[in-house]
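Here is the file input00.tsv (TSV, C-alpha atoms).
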chain	number	residue	atom	x	y	z
A	1	MET	CA	57.73	186.98	48.57
A	2	ALA	CA	56.67	187.05	52.21
A	3	PRO	CA	54.21	184.25	53.11
A	4	PRO	CA	51.17	186.51	53.78
A	5	LEU	CA	51.62	188.28	50.43
A	6	ARG	CA	52.27	185.00	48.60
A	7	LYS	CA	49.09	183.51	50.07
A	8	THR	CA	47.09	186.59	49.13
A	9	VAL	CA	48.34	186.39	45.54
A	10	LEU	CA	47.57	182.67	45.49
A	11	VAL	CA	44.02	183.24	46.74
A	12	PHE	CA	43.48	185.91	44.07
A	13	HIS	CA	44.91	183.56	41.42
A	14	VAL	CA	42.71	180.63	42.45
A	15	ALA	CA	39.61	182.85	42.68
A	16	SER	CA	40.16	184.42	39.26
A	17	SER	CA	40.99	181.06	37.66
A	18	VAL	CA	37.96	179.32	39.13
A	19	GLY	CA	35.79	182.32	38.20
A	20	TRP	CA	37.09	182.19	34.64
A	21	MET	CA	36.45	178.46	34.39
A	22	GLY	CA	32.96	178.86	35.86
A	23	ALA	CA	32.13	181.69	33.46
A	24	VAL	CA	33.29	179.57	30.52
A	25	ALA	CA	31.11	176.70	31.77
A	26	VAL	CA	28.12	179.08	31.80
A	27	PHE	CA	29.01	180.16	28.26
A	28	VAL	CA	28.98	176.50	27.16
A	29	ALA	CA	25.58	176.00	28.79
A	30	LEU	CA	24.12	179.15	27.21
A	31	ASP	CA	25.56	178.30	23.81
A	32	LEU	CA	24.01	174.83	24.03
A	33	ALA	CA	20.70	176.36	25.13
A	34	ALA	CA	20.73	178.68	22.11
A	35	ARG	CA	21.48	175.78	19.77
A	36	LEU	CA	18.85	173.44	21.20
A	37	ASN	CA	16.08	175.97	21.84
A	38	ALA	CA	13.44	176.83	19.24
A	39	ASP	CA	12.38	180.08	20.97
A	40	ALA	CA	13.71	182.89	18.76
A	41	GLU	CA	13.38	185.59	21.43
A	42	LEU	CA	15.21	183.53	24.04
A	43	ASN	CA	18.02	182.86	21.56
A	44	ARG	CA	18.32	186.57	20.88
A	45	VAL	CA	18.57	187.31	24.62
A	46	ILE	CA	21.17	184.56	25.08
A	47	TRP	CA	23.40	186.06	22.38
A	48	LEU	CA	23.04	189.52	23.89
A	49	ALA	CA	24.03	188.09	27.30
A	50	LEU	CA	27.05	186.31	25.83
A	51	ASP	CA	28.17	189.52	24.14
A	52	ALA	CA	27.64	191.65	27.26
A	53	THR	CA	29.69	189.38	29.48
A	54	GLY	CA	32.57	188.65	27.11
A	55	TRP	CA	34.53	191.86	27.67
A	56	THR	CA	33.14	192.60	31.13
A	57	LEU	CA	33.61	189.17	32.73
A	58	LEU	CA	35.54	186.61	30.70
A	59	VAL	CA	38.42	188.74	29.48
A	60	PRO	CA	39.08	190.45	32.85
A	61	LEU	CA	39.05	187.07	34.64
A	62	ALA	CA	41.43	185.60	32.07
A	63	ILE	CA	43.85	188.51	32.40
A	64	ALA	CA	43.60	188.39	36.20
A	65	SER	CA	44.30	184.66	36.16
A	66	LEU	CA	47.31	185.05	33.85
A	67	THR	CA	48.76	188.02	35.74
A	68	SER	CA	48.25	186.60	39.22
A	69	GLY	CA	49.63	183.24	38.06
A	70	LEU	CA	52.80	184.94	36.84
A	71	ILE	CA	53.19	186.80	40.12
A	72	ALA	CA	52.45	183.67	42.18
A	73	ALA	CA	54.97	181.59	40.22
A	74	LEU	CA	57.69	184.23	40.49
A	75	GLY	CA	57.11	184.55	44.24
A	76	SER	CA	56.99	180.86	45.09
A	77	ARG	CA	59.44	177.99	45.37
A	78	TRP	CA	58.08	176.57	42.13
A	79	GLY	CA	59.39	179.46	40.06
A	80	LEU	CA	58.18	180.33	36.60
A	81	LEU	CA	60.56	178.30	34.44
A	82	ARG	CA	61.87	175.63	36.84
A	83	HIS	CA	59.16	172.98	36.53
A	84	TYR	CA	57.47	171.75	33.38
A	85	TRP	CA	54.00	171.81	34.92
A	86	VAL	CA	54.31	175.53	35.76
A	87	LEU	CA	55.66	176.31	32.29
A	88	PHE	CA	52.90	174.29	30.59
A	89	LYS	CA	50.26	175.95	32.76
A	90	LEU	CA	51.64	179.38	31.81
A	91	LEU	CA	51.56	178.49	28.11
A	92	ILE	CA	48.04	177.04	28.37
A	93	THR	CA	46.74	180.11	30.20
A	94	ALA	CA	48.43	182.53	27.79
A	95	PHE	CA	47.08	180.60	24.80
A	96	ALA	CA	43.55	180.46	26.24
A	97	THR	CA	43.65	184.19	27.01
A	98	LEU	CA	44.85	185.01	23.50
A	99	VAL	CA	42.15	182.87	21.86
A	100	LEU	CA	39.53	184.45	24.12
A	101	VAL	CA	40.60	187.99	23.21
A	102	VAL	CA	40.61	187.11	19.50
A	103	GLN	CA	37.21	185.35	19.64
A	104	THR	CA	35.33	187.79	21.90
A	105	PRO	CA	34.47	190.19	19.03
A	106	GLY	CA	32.58	187.25	17.49
A	107	PHE	CA	30.08	187.48	20.33
A	108	ALA	CA	29.31	191.06	19.28
A	109	THR	CA	28.86	189.97	15.67
A	110	GLN	CA	26.48	187.21	16.70
A	111	ALA	CA	24.60	189.57	19.05
A	112	THR	CA	24.22	192.14	16.27
A	113	ARG	CA	22.80	189.47	13.99
A	114	ALA	CA	20.58	188.15	16.79
A	115	VAL	CA	18.78	191.47	17.30
A	116	ASP	CA	17.99	191.71	13.59
A	117	PRO	CA	14.40	190.42	13.33
A	118	THR	CA	15.00	189.23	9.76
A	119	VAL	CA	17.74	186.80	10.86
A	120	ASP	CA	16.64	183.31	11.81
A	121	PRO	CA	18.11	182.65	15.30
A	122	GLY	CA	18.68	179.04	14.26
A	123	ALA	CA	21.12	180.30	11.64
A	124	LEU	CA	23.23	182.25	14.12
A	125	GLY	CA	25.91	179.63	14.45
A	126	SER	CA	27.70	178.63	17.57
A	127	GLU	CA	30.80	179.42	19.59
A	128	LEU	CA	30.71	175.93	21.12
A	129	LEU	CA	34.01	174.91	19.55
A	130	HIS	CA	35.75	177.82	21.28
A	131	THR	CA	33.85	177.76	24.56
A	132	GLY	CA	33.98	173.98	24.88
A	133	GLY	CA	37.64	173.97	23.87
A	134	GLY	CA	38.32	176.71	26.40
A	135	LEU	CA	36.68	174.69	29.15
A	136	LEU	CA	38.80	171.68	28.22
A	137	VAL	CA	42.02	173.74	28.19
A	138	LEU	CA	41.21	175.35	31.54
A	139	SER	CA	40.46	171.90	32.97
A	140	LEU	CA	43.93	170.78	31.89
A	141	ALA	CA	45.46	173.77	33.70
A	142	LEU	CA	43.47	172.84	36.81
A	143	ILE	CA	44.70	169.25	36.65
A	144	LEU	CA	48.32	170.42	36.33
A	145	SER	CA	47.84	172.66	39.38
A	146	VAL	CA	46.53	169.85	41.52
A	147	TYR	CA	48.77	166.95	40.45
A	148	LYS	CA	51.99	168.92	39.79
A	149	PRO	CA	53.71	166.25	37.67
A	150	ARG	CA	57.41	165.80	38.36
A	151	GLY	CA	60.02	167.06	36.00
A	152	MET	CA	62.27	170.06	35.99
A	153	THR	CA	63.23	172.10	32.97
A	154	ARG	CA	66.91	172.39	32.08
A	155	TYR	CA	66.87	175.84	33.63
A	156	GLY	CA	65.41	174.40	36.83
A	157	GLN	CA	68.04	171.65	36.92
A	158	ARG	CA	70.82	174.22	36.50
A	159	LYS	CA	69.35	176.40	39.24
A	160	GLN	CA	69.10	173.38	41.55
A	161	ARG	CA	72.78	172.49	40.96
A	162	SER	CA	74.03	176.05	41.31
A	163	PRO	CA	76.16	176.87	44.38
A	164	ALA	CA	73.61	179.46	45.53
A	165	SER	CA	70.95	176.77	45.99
A	166	MET	CA	73.20	174.35	47.90
A	167	PRO	CA	73.39	174.47	51.68
A	168	ALA	CA	76.47	176.11	53.21
A	169	ARG	CA	79.30	173.88	54.44
A	170	GLY	CA	78.76	172.46	57.87
A	171	THR	CA	74.97	172.73	57.65
A	172	VAL	CA	72.59	169.94	56.91
Would you put the structure from the file into structure tokens?
Amino acid sequence: MAPPLRKTVLVFHVASSVGWMGAVAVFVALDLAARLNADAELNRVIWLALDATGWTLLVPLAIASLTSGLIAALGSRWGLLRHYWVLFKLLITAFATLVLVVQTPGFATQATRAVDPTVDPGALGSELLHTGGGLLVLSLALILSVYKPRGMTRYGQRKQRSPASMPARGTV
């Protein structure tokens, strides 16, 4: 990939990843507020906000992060399957995206229960296990991106030893 395009993809990837992580952090804060707050009307509004932003914010950011990460890895010197940290980050991001897509309908269920005036908002439950776990998983992906631990996969080692990756004779 040409450097200007690679940098553009990288900027999009970082922006979508940071946006996703920030949105999850807000979800954690709102979930905690709903759990710790005695105001029934505020709790109802919080659940409606969580439901409204699940499909319109969280899921698109997760998919953008996963897609742009794939493109960035394929277009960079790191490759997609050459280094363990890239492979682990891909698996972490794919897993987090899958869990998010599976769990997002739960926000709608909670929001539907929250608008029912006969339901006690204190009995609505919590998505803190998923949102807090998501924040932890995304933090791990961030750490891998910054520290880039050493270690090549077997595929990466083979690619590094292949004649195509070695300099031509007479060049240094």
Requested in this report: Find, counting all atoms listed in the file, the residue in A:His83, A:Lys89, A:His13, A:Arg44 that gets nearest to Gly69 (chain A).
Outcome: A:His13
Query raised in the report: Which one is closest to Thr67 (chain A): A:Ser145, A:Thr93, A:Thr104, A:Ser162? Count all atoms listed in the file.
Result: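 Of all the options, A:Thr93 lies closest to Thr67 (chain A).
Near Gly75 (chain A), within 9 Å and counting only C-alpha atoms, sit Met1, Ala2, Arg6, Leu70, Ile71, Gly79 and Leu80 of chain A, not including residues fewer than 4 positions from it in the same chain.
Nearest residue to Pro105 (chain A), choosing from A:Lys148, A:Leu140, A:Leu81, A:Thr53 and counting all atoms listed in the file: A:Thr53.
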Query raised in the report: A:Gln103, A:Leu74, A:Pro163, A:Gly132: which is nearest Ala29 (chain A), counting all atoms listed in the file?
Result: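 Among A:Gln103, A:Leu74, A:Pro163, A:Gly132, it is A:Gly132 that comes nearest to Ala29 (chain A).
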Query raised in the report: From the list A:Trp20, A:Trp78, A:Phe95, A:Trp85, which residue is nearest Leu61 (chain A) when using only C-alpha atoms?
Result: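 Answer, going by the shortest atom-to-atom distance: A:Trp20.
Going from CA of Val9 (chain A) over to CA of Pro149 (chain A), you cover 22.3 Å.
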Query - Among the residues A:Val11, A:Leu36, A:Leu91, A:Leu98, the one that comes closest to Leu58 (chain A) [using only C-alpha atoms] - result: A:Leu98
Query raised in the report: Do you have the CA of Gly19 (chain A)-CA of Asn37 (chain A) distance handy?
Result: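 Spanning CA of Gly19 (chain A) to CA of Asn37 (chain A) is a straight-line distance of 26.4 Å.
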List the neighbours of Ala49 (chain A) out to 10 Å using all atoms listed in the file; skip same-chain residues closer than 6 positions along the sequence, and give me the result as an mmCIF file with C-alpha atoms, in the coordinates of the input.
data_model
loop_
_atom_site.group_PDB
_atom_site.id
_atom_site.type_symbol
_atom_site.label_atom_id
_atom_site.label_comp_id
_atom_site.auth_asym_id
_atom_site.auth_seq_id
_atom_site.Cartn_x
_atom_site.Cartn_y
_atom_site.Cartn_z
ATOM 1 C CA PHE A 27 29.010 180.160 28.260
ATOM 2 C CA LEU A 30 24.120 179.150 27.210
ATOM 3 C CA ASN A 43 18.020 182.860 21.560
ATOM 4 C CA PHE A 107 30.080 187.480 20.330
ATOM 5 C CA ALA A 111 24.600 189.570 19.050
#
**Report entry** Residues near Asp39 (chain A), cut-off 12 Å, all atoms listed in the file, skip fewer than 6 positions along chain, as a ChimeraX atom specification
**Finding:** /A:33,45-46,120-122
Requested in this report: Mind giving me the straight-line distance from CA of Lys7 (chain A) to CA of Arg150 (chain A) in Å, one decimal?
Outcome: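 Taking CA of Lys7 (chain A) and CA of Arg150 (chain A), their separation equals 22.8 Å.
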Query raised in the report: Neighbours of Ala64 (chain A) within 9 Å (only C-alpha atoms; same-chain residues fewer than 6 positions away dropped), as a list in words?
Result: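 Within the cut-off, the hits are Phe12, His13, Ser16 and Ser17 of chain A.
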Find the residues near Thr131 (chain A): any atom within 7 Å, counting all atoms listed in the file, skip ones fewer than 4 places away on the same chain, and give them as a PDB file with C-alpha atoms, keeping the file's coordinate frame.
ATOM      1  CA  VAL A  24      33.290 179.570  30.520  1.00  0.00           C
ATOM      2  CA  PHE A  27      29.010 180.160  28.260  1.00  0.00           C
ATOM      3  CA  VAL A  28      28.980 176.500  27.160  1.00  0.00           C
ATOM      4  CA  GLU A 127      30.800 179.420  19.590  1.00  0.00           C
ATOM      5  CA  LEU A 135      36.680 174.690  29.150  1.00  0.00           C
TER       6      LEU A 135
END
